[in-house]
>>> print(open('start.json').read())   # JSON, C-alpha atoms
[["chain", "number", "residue", "atom", "x", "y", "z"],
["F", 1, "MET", "CA", 38.86, 42.66, -12.01],
["F", 2, "THR", "CA", 36.75, 43.88, -9.11],
["F", 3, "VAL", "CA", 35.14, 47.30, -8.75],
["F", 4, "ASN", "CA", 37.31, 47.98, -5.71],
["F", 5, "GLU", "CA", 40.51, 47.55, -7.71],
["F", 6, "LEU", "CA", 39.56, 50.47, -9.97],
["F", 7, "LEU", "CA", 40.36, 52.83, -7.09],
["F", 8, "ASN", "CA", 44.07, 52.28, -7.76],
["F", 9, "HIS", "CA", 43.67, 53.43, -11.36],
["F", 10, "GLY", "CA", 42.27, 56.95, -11.24],
["F", 11, "PHE", "CA", 38.64, 56.10, -10.43],
["F", 12, "ASN", "CA", 37.17, 57.60, -7.26],
["F", 13, "ALA", "CA", 34.69, 55.95, -4.90],
["F", 14, "VAL", "CA", 31.27, 57.61, -4.58],
["F", 15, "SER", "CA", 29.32, 54.62, -3.25],
["F", 16, "LEU", "CA", 30.82, 51.16, -2.81],
["F", 17, "PRO", "CA", 28.38, 48.87, -1.01],
["F", 18, "GLU", "CA", 29.52, 45.87, -3.09],
["F", 19, "PRO", "CA", 33.24, 46.45, -3.67],
["F", 20, "GLU", "CA", 34.00, 42.87, -4.69],
["F", 21, "ARG", "CA", 31.67, 42.86, -7.73],
["F", 22, "GLU", "CA", 33.53, 41.51, -10.74],
["F", 23, "ILE", "CA", 33.59, 43.64, -13.91],
["F", 24, "THR", "CA", 33.42, 41.66, -17.14],
["F", 25, "GLY", "CA", 32.66, 44.34, -19.73],
["F", 26, "VAL", "CA", 31.97, 48.02, -20.38],
["F", 27, "TYR", "CA", 28.94, 49.91, -21.67],
["F", 28, "ILE", "CA", 28.72, 53.65, -22.41],
["F", 29, "GLY", "CA", 25.42, 55.49, -22.71],
["F", 30, "ASP", "CA", 23.16, 58.21, -21.34],
["F", 31, "LEU", "CA", 19.74, 57.29, -22.72],
["F", 32, "LEU", "CA", 18.44, 55.16, -19.89],
["F", 33, "SER", "CA", 16.13, 52.90, -21.87],
["F", 34, "TRP", "CA", 18.88, 52.28, -24.36],
["F", 35, "VAL", "CA", 21.32, 51.40, -21.61],
["F", 36, "MET", "CA", 18.83, 49.14, -19.88],
["F", 37, "GLY", "CA", 18.17, 47.29, -23.11],
["F", 38, "ARG", "CA", 21.79, 46.84, -24.13],
["F", 39, "ALA", "CA", 24.12, 46.86, -21.13],
["F", 40, "LYS", "CA", 25.04, 43.38, -19.94],
["F", 41, "ALA", "CA", 25.07, 42.07, -16.40],
["F", 42, "SER", "CA", 28.41, 42.84, -14.69],
["F", 43, "ASP", "CA", 29.32, 45.62, -17.15],
["F", 44, "ALA", "CA", 30.89, 48.81, -15.85],
["F", 45, "TRP", "CA", 28.42, 51.45, -17.10],
["F", 46, "ILE", "CA", 29.95, 54.81, -18.00],
["F", 47, "THR", "CA", 27.55, 57.77, -18.16],
["F", 48, "ILE", "CA", 27.19, 61.49, -17.59],
["F", 49, "MET", "CA", 23.69, 61.12, -16.14],
["F", 50, "SER", "CA", 23.47, 61.63, -12.39],
["F", 51, "ASN", "CA", 19.76, 61.68, -11.45],
["F", 52, "GLU", "CA", 18.25, 59.03, -9.21],
["F", 53, "ASN", "CA", 16.88, 56.97, -12.10],
["F", 54, "ILE", "CA", 20.38, 55.69, -12.89],
["F", 55, "LEU", "CA", 20.11, 53.59, -9.73],
["F", 56, "ALA", "CA", 17.05, 51.72, -10.95],
["F", 57, "VAL", "CA", 18.65, 51.18, -14.36],
["F", 58, "ALA", "CA", 21.85, 49.82, -12.78],
["F", 59, "ALA", "CA", 19.83, 47.58, -10.45],
["F", 60, "LEU", "CA", 17.65, 46.18, -13.22],
["F", 61, "ALA", "CA", 20.41, 45.72, -15.79],
["F", 62, "ASP", "CA", 22.56, 44.29, -12.98],
["F", 63, "THR", "CA", 25.67, 46.27, -13.93],
["F", 64, "ALA", "CA", 28.76, 45.89, -11.72],
["F", 65, "CYS", "CA", 29.05, 49.64, -11.20],
["F", 66, "ILE", "CA", 28.10, 53.06, -12.53],
["F", 67, "ILE", "CA", 31.04, 55.26, -13.52],
["F", 68, "THR", "CA", 30.22, 58.94, -13.92],
["F", 69, "ALA", "CA", 32.61, 60.65, -16.33],
["F", 70, "GLU", "CA", 33.55, 64.31, -16.93],
["F", 71, "HIS", "CA", 33.49, 65.49, -13.30],
["F", 72, "VAL", "CA", 29.74, 64.86, -13.05],
["F", 73, "GLU", "CA", 28.71, 65.27, -9.44],
["F", 74, "ILE", "CA", 26.37, 62.89, -7.63],
["F", 75, "SER", "CA", 24.06, 64.46, -5.04],
["F", 76, "ASP", "CA", 24.12, 63.22, -1.45],
["F", 77, "SER", "CA", 20.59, 61.85, -1.78],
["F", 78, "VAL", "CA", 21.51, 59.73, -4.83],
["F", 79, "LYS", "CA", 24.68, 58.62, -3.07],
["F", 80, "ASN", "CA", 22.80, 57.58, 0.07],
["F", 81, "THR", "CA", 20.15, 55.72, -1.92],
["F", 82, "ALA", "CA", 22.88, 53.92, -3.86],
["F", 83, "GLU", "CA", 24.47, 52.75, -0.59],
["F", 84, "LEU", "CA", 21.10, 51.47, 0.61],
["F", 85, "LYS", "CA", 20.27, 49.69, -2.64],
["F", 86, "GLY", "CA", 23.69, 48.12, -3.07],
["F", 87, "ILE", "CA", 24.64, 50.07, -6.19],
["F", 88, "ASN", "CA", 28.35, 50.82, -6.74],
["F", 89, "ILE", "CA", 29.16, 54.29, -8.10],
["F", 90, "LEU", "CA", 32.59, 55.56, -9.07],
["F", 91, "SER", "CA", 33.56, 58.87, -10.61],
["F", 92, "PHE", "CA", 36.19, 59.61, -13.23],
["F", 93, "ASP", "CA", 37.62, 63.01, -14.07],
["F", 94, "GLY", "CA", 38.24, 62.38, -17.76],
["F", 95, "SER", "CA", 35.85, 61.72, -20.64],
["F", 96, "ALA", "CA", 33.79, 58.57, -21.17],
["F", 97, "TYR", "CA", 36.27, 57.65, -23.90],
["F", 98, "ASP", "CA", 39.26, 58.06, -21.55],
["F", 99, "ALA", "CA", 37.49, 55.93, -18.93],
["F", 100, "ALA", "CA", 36.74, 53.21, -21.49],
["F", 101, "VAL", "CA", 40.32, 53.17, -22.77],
["F", 102, "LYS", "CA", 41.56, 52.80, -19.23],
["F", 103, "LEU", "CA", 39.11, 49.97, -18.51],
["F", 104, "HIS", "CA", 40.10, 48.22, -21.72],
["F", 105, "GLY", "CA", 43.64, 47.89, -20.41],
["F", 106, "LEU", "CA", 42.47, 46.61, -17.05],
["F", 107, "ILE", "CA", 39.74, 44.01, -17.56],
["W", 108, "MET", "CA", -2.02, 23.07, -11.70],
["W", 109, "SER", "CA", -0.89, 25.06, -8.68],
["W", 110, "GLU", "CA", -2.18, 28.55, -7.98],
["W", 111, "ALA", "CA", -0.30, 31.50, -9.52],
["W", 112, "LEU", "CA", 1.78, 33.71, -7.24],
["W", 113, "LYS", "CA", 0.59, 37.29, -7.56],
["W", 114, "PHE", "CA", 2.09, 40.66, -6.74],
["W", 115, "HIS", "CA", 0.26, 43.98, -6.97],
["W", 116, "PHE", "CA", 1.78, 47.47, -7.10],
["W", 117, "THR", "CA", 0.47, 51.00, -7.33],
["W", 118, "VAL", "CA", 2.75, 53.18, -9.46],
["W", 119, "ASP", "CA", 2.88, 56.73, -8.12],
["W", 120, "GLY", "CA", 2.50, 59.22, -10.96],
["W", 121, "GLU", "CA", 3.79, 62.17, -8.98],
["W", 122, "ASP", "CA", 7.12, 60.75, -8.01],
["W", 123, "PHE", "CA", 9.35, 60.50, -11.04],
["W", 124, "THR", "CA", 12.59, 59.86, -9.16],
["W", 125, "SER", "CA", 11.25, 56.81, -7.38],
["W", 126, "ALA", "CA", 9.88, 55.21, -10.55],
["W", 127, "GLY", "CA", 11.31, 51.73, -10.64],
["W", 128, "LYS", "CA", 10.28, 50.79, -7.10],
["W", 129, "ALA", "CA", 7.81, 48.17, -8.32],
["W", 130, "SER", "CA", 10.25, 46.69, -10.85],
["W", 131, "VAL", "CA", 13.08, 46.47, -8.33],
["W", 132, "GLN", "CA", 10.70, 44.79, -5.87],
["W", 133, "VAL", "CA", 9.57, 42.31, -8.54],
["W", 134, "LYS", "CA", 13.19, 41.56, -9.29],
["W", 135, "LYS", "CA", 13.77, 40.74, -5.61],
["W", 136, "ASN", "CA", 10.64, 38.59, -5.41],
["W", 137, "LEU", "CA", 11.56, 36.61, -8.53],
["W", 138, "ARG", "CA", 15.07, 36.11, -7.19],
["W", 139, "GLN", "CA", 13.64, 34.66, -4.00],
["W", 140, "LEU", "CA", 11.59, 32.28, -6.10],
["W", 141, "GLY", "CA", 14.83, 31.11, -7.69],
["W", 142, "LEU", "CA", 13.95, 31.96, -11.30],
["W", 143, "PRO", "CA", 16.83, 32.06, -13.83],
["W", 144, "PRO", "CA", 18.72, 35.43, -13.89],
["W", 145, "GLU", "CA", 18.01, 36.06, -17.58],
["W", 146, "ILE", "CA", 14.25, 35.61, -17.04],
["W", 147, "ILE", "CA", 14.38, 37.98, -14.06],
["W", 148, "ARG", "CA", 16.32, 40.54, -16.09],
["W", 149, "ARG", "CA", 13.82, 40.43, -18.96],
["W", 150, "VAL", "CA", 10.79, 40.71, -16.69],
["W", 151, "SER", "CA", 12.22, 43.56, -14.64],
["W", 152, "ILE", "CA", 13.40, 45.58, -17.66],
["W", 153, "ALA", "CA", 10.02, 45.23, -19.40],
["W", 154, "MET", "CA", 8.24, 46.17, -16.23],
["W", 155, "TYR", "CA", 10.46, 49.19, -15.55],
["W", 156, "GLU", "CA", 9.79, 50.54, -19.03],
["W", 157, "GLY", "CA", 6.08, 50.16, -18.40],
["W", 158, "GLU", "CA", 6.38, 51.81, -15.02],
["W", 159, "ILE", "CA", 8.30, 54.77, -16.48],
["W", 160, "ASN", "CA", 5.70, 55.13, -19.24],
["W", 161, "MET", "CA", 2.90, 55.26, -16.70],
["W", 162, "VAL", "CA", 4.74, 57.96, -14.73],
["W", 163, "ILE", "CA", 5.70, 60.04, -17.78],
["W", 164, "HIS", "CA", 2.46, 59.80, -19.72],
["W", 165, "ALA", "CA", -0.38, 58.62, -17.54],
["W", 166, "GLY", "CA", 0.01, 60.05, -14.04],
["W", 167, "GLY", "CA", 0.69, 56.61, -12.61],
["W", 168, "GLY", "CA", -1.25, 53.36, -12.68],
["W", 169, "GLU", "CA", -1.44, 49.80, -11.43],
["W", 170, "ALA", "CA", 0.89, 46.88, -12.06],
["W", 171, "ASP", "CA", 0.13, 43.19, -11.46],
["W", 172, "VAL", "CA", 2.61, 40.40, -11.83],
["W", 173, "ALA", "CA", 1.63, 36.74, -11.78],
["W", 174, "VAL", "CA", 4.05, 33.83, -11.75],
["W", 175, "THR", "CA", 2.55, 30.61, -13.06],
["W", 176, "GLU", "CA", 4.08, 27.23, -13.87],
["W", 177, "ASP", "CA", 4.97, 28.26, -17.40],
["W", 178, "CYS", "CA", 5.31, 32.04, -17.49],
["W", 179, "VAL", "CA", 5.62, 35.36, -15.72],
["W", 180, "GLU", "CA", 2.73, 37.62, -16.71],
["W", 181, "ILE", "CA", 2.81, 41.39, -16.26],
["W", 182, "PHE", "CA", -0.39, 43.39, -16.50],
["W", 183, "LEU", "CA", -0.21, 47.20, -16.51],
["W", 184, "HIS", "CA", -3.24, 49.43, -16.27],
["W", 185, "ASP", "CA", -3.52, 53.20, -16.36],
["W", 186, "SER", "CA", -6.24, 55.79, -16.80],
["W", 187, "GLY", "CA", -4.05, 58.18, -18.77],
["W", 188, "PRO", "CA", -4.59, 59.84, -22.15],
["W", 189, "GLY", "CA", -4.19, 56.62, -24.15],
["W", 190, "ILE", "CA", -1.95, 55.98, -27.16],
["W", 191, "LYS", "CA", -3.19, 57.54, -30.41],
["W", 192, "ASP", "CA", -1.10, 55.54, -32.83],
["W", 193, "ILE", "CA", 0.16, 52.27, -31.37],
["W", 194, "ASP", "CA", 2.09, 51.27, -34.51],
["W", 195, "ARG", "CA", 4.06, 54.49, -34.38],
["W", 196, "ALA", "CA", 4.59, 54.23, -30.63],
["W", 197, "MET", "CA", 6.10, 50.78, -31.20],
["W", 198, "GLN", "CA", 8.78, 52.22, -33.51],
["W", 199, "GLU", "CA", 12.19, 52.73, -31.94],
["W", 200, "GLY", "CA", 12.98, 56.43, -31.62],
["W", 201, "TYR", "CA", 9.37, 57.69, -31.66],
["W", 202, "SER", "CA", 8.41, 59.50, -28.47],
["W", 203, "THR", "CA", 6.01, 62.18, -27.32],
["W", 204, "ALA", "CA", 7.93, 62.84, -24.07],
["W", 205, "SER", "CA", 8.77, 66.43, -23.11],
["W", 206, "ASP", "CA", 12.24, 67.99, -23.11],
["W", 207, "SER", "CA", 12.37, 67.89, -19.31],
["W", 208, "ILE", "CA", 11.80, 64.13, -19.41],
["W", 209, "ARG", "CA", 14.46, 63.80, -22.09],
["W", 210, "SER", "CA", 16.96, 65.72, -19.96],
["W", 211, "LEU", "CA", 16.58, 62.98, -17.34],
["W", 212, "GLY", "CA", 17.65, 60.38, -19.89],
["W", 213, "PHE", "CA", 14.22, 59.11, -20.89],
["W", 214, "GLY", "CA", 12.04, 59.79, -23.91],
["W", 215, "ALA", "CA", 14.37, 58.07, -26.36],
["W", 216, "GLY", "CA", 11.44, 56.21, -27.89],
["W", 217, "MET", "CA", 12.73, 52.88, -26.62],
["W", 218, "GLY", "CA", 10.16, 52.08, -23.96],
["W", 219, "LEU", "CA", 7.52, 50.08, -25.82],
["W", 220, "PRO", "CA", 10.10, 48.54, -28.23],
["W", 221, "ASN", "CA", 12.12, 47.34, -25.22],
["W", 222, "MET", "CA", 9.00, 45.87, -23.66],
["W", 223, "LYS", "CA", 8.33, 43.89, -26.82],
["W", 224, "ARG", "CA", 11.94, 42.92, -27.21],
["W", 225, "TYR", "CA", 12.26, 41.51, -23.72],
["W", 226, "THR", "CA", 9.01, 39.59, -23.57],
["W", 227, "ASP", "CA", 7.61, 36.64, -25.52],
["W", 228, "TYR", "CA", 4.12, 38.09, -25.81],
["W", 229, "MET", "CA", 2.83, 41.64, -25.64],
["W", 230, "ASP", "CA", -0.65, 43.03, -26.17],
["W", 231, "ILE", "CA", -1.64, 46.70, -25.97],
["W", 232, "LYS", "CA", -5.21, 47.87, -25.63],
["W", 233, "SER", "CA", -5.56, 51.63, -25.54],
["W", 234, "THR", "CA", -8.45, 54.05, -25.81],
["W", 235, "VAL", "CA", -7.70, 57.73, -26.30],
["W", 236, "GLY", "CA", -9.00, 59.69, -23.32],
["W", 237, "LYS", "CA", -9.55, 56.55, -21.24],
["W", 238, "GLY", "CA", -6.30, 54.74, -20.68],
["W", 239, "THR", "CA", -4.06, 51.87, -21.62],
["W", 240, "ASP", "CA", -3.85, 48.18, -20.65],
["W", 241, "ILE", "CA", -0.73, 46.24, -21.48],
["W", 242, "THR", "CA", -0.26, 42.49, -21.00],
["W", 243, "MET", "CA", 3.19, 40.94, -21.33],
["W", 244, "LYS", "CA", 4.41, 37.40, -20.84],
["W", 245, "VAL", "CA", 7.87, 35.97, -20.39],
["W", 246, "MET", "CA", 7.81, 32.20, -20.84],
["W", 247, "LEU", "CA", 9.72, 30.06, -18.34]]
>>> encode(input="start.json", output="structure tokens")
Amino acid sequence: MTVNELLNHGFNAVSLPEPEREITGVYIGDLLSWVMGRAKASDAWITIMSNENILAVAALADTACIITAEHVEISDSVKNTAELKGINILSFDGSAYDAAVKLHGLI
Amino acid sequence: MSEALKFHFTVDGEDFTSAGKASVQVKKNLRQLGLPPEIIRRVSIAMYEGEINMVIHAGGGEADVAVTEDCVEIFLHDSGPGIKDIDRAMQEGYSTASDSIRSLGFGAGMGLPNMKRYTDYMDIKSTVGKGTDITMKVML
């Protein structure tokens, strides 16, 4: 499924410069080096980190989108940079586990 | 043999949030050259880890990337404090990063191990008090 389609399933758009990116898997993690080493291209990456470095990690690991769980807020500057760099960010109100369970039923 | 394509970057040690600029640029350049996605991914991840290390530990440094007929070579140079115990630094989970760095999601002790993991060749030369030179190669 595409990143855009998640909006119909309880995920909220924060930055969607590439809405048609296909999601083929899921990775959960907050240690950025760990994520960069293990997440696969086109994964939806669920995290509670929100600082600007998540953008570089998502760009380099080539994830389909970042999903911030647990009401984590993204600052306007991170949001604007994400738009510029073509990084999709969605937010989810529930836990990382809840987000993963939901994604499991969708992709 | 044709001449290597070279890219040079200065990594700003003051600006932690923009760390990754050089790696993202390299990724773009390699894409334009039409290299395979998995090669690009390995080069850019290894380079980002190096870049982050230079920002966290060394106050910045220099990065050079050369693309030859048979490999992509990354050379990182800094004039930081050096690595006391390279064998220990190469172990996953070992890190000397501060709590503030950890709160940003770094300092998991995965940097150097990831660099080794994603490249075909890696050499570290470090002198305490002088700095560190790292050479990595990803074969094409």
>>> interface_residues(input="start.json", of="chain F", to="chain W", cutoff="7 Å", atoms="all atoms listed in the file", output="list in words")
Asp30, Leu31, Leu32, Ser33, Trp34, Met36, Gly37, Asn51, Glu52, Asn53, Ala56, Leu60 and Ala61 of chain F
>>> residues_around(input="start.json", residues="Ala69 in chain F", least_positions_apart="6", cutoff="9 Å", atoms="only C-alpha atoms", output="PyMOL selection string")
chain F and resi 46-49+90-99
>>> atom_distance(input="start.json", atom1="CA of Thr24 in chain F", atom2="CA of Asp43 in chain F")
5.7 Å
>>> residues_around(input="start.json", residues="Ala111 in chain W", least_positions_apart="2", cutoff="8 Å", atoms="all atoms listed in the file", output="list in words")
Ser109, Lys113, Ala173, Val174, Thr175 and Glu176 of chain W
>>> write_last_selection(input="start.json", atoms="C-alpha atoms", output="PDB file, keeping the file's coordinate frame")
ATOM      1  CA  SER W 109      -0.890  25.060  -8.680  1.00  0.00           C
ATOM      2  CA  LYS W 113       0.590  37.290  -7.560  1.00  0.00           C
ATOM      3  CA  ALA W 173       1.630  36.740 -11.780  1.00  0.00           C
ATOM      4  CA  VAL W 174       4.050  33.830 -11.750  1.00  0.00           C
ATOM      5  CA  THR W 175       2.550  30.610 -13.060  1.00  0.00           C
ATOM      6  CA  GLU W 176       4.080  27.230 -13.870  1.00  0.00           C
TER       7      GLU W 176
END
>>> closest_residue(input="start.json", among="F:Leu7, F:Ile66, F:Val78, F:Val14", to="Ile28 in chain F", atoms="only C-alpha atoms")
F:Ile66
>>> closest_residue(input="start.json", among="W:Lys244, W:Lys135, W:His164, W:Arg195", to="Lys223 in chain W", atoms="only C-alpha atoms")
W:Lys244
>>> atom_distance(input="start.json", atom1="CA of Val72 in chain F", atom2="CA of Gly10 in chain F")
14.9 Å
>>> atom_distance(input="start.json", atom1="CA of Pro19 in chain F", atom2="CA of Ser42 in chain F")
12.6 Å
>>> closest_residue(input="start.json", among="F:Ala41, F:Val26, F:Ile89, F:Val35", to="Val57 in chain F", atoms="only C-alpha atoms")
F:Val35
>>> residues_near_point(input="start.json", point="(7.0, 58.4, -23.8)", cutoff="6 Å", atoms="only C-alpha atoms", output="ChimeraX atom specification")
/W:160,202-204,214
>>> closest_residue(input="start.json", among="W:Gly157, W:Gly167, W:Gly141, W:Gly189", to="Thr117 in chain W", atoms="all atoms listed in the file")
W:Gly167
>>> closest_residue(input="start.json", among="F:Ser75, F:Ser50, F:Asn88, F:Thr63", to="Leu6 in chain F", atoms="all atoms listed in the file")
F:Asn88
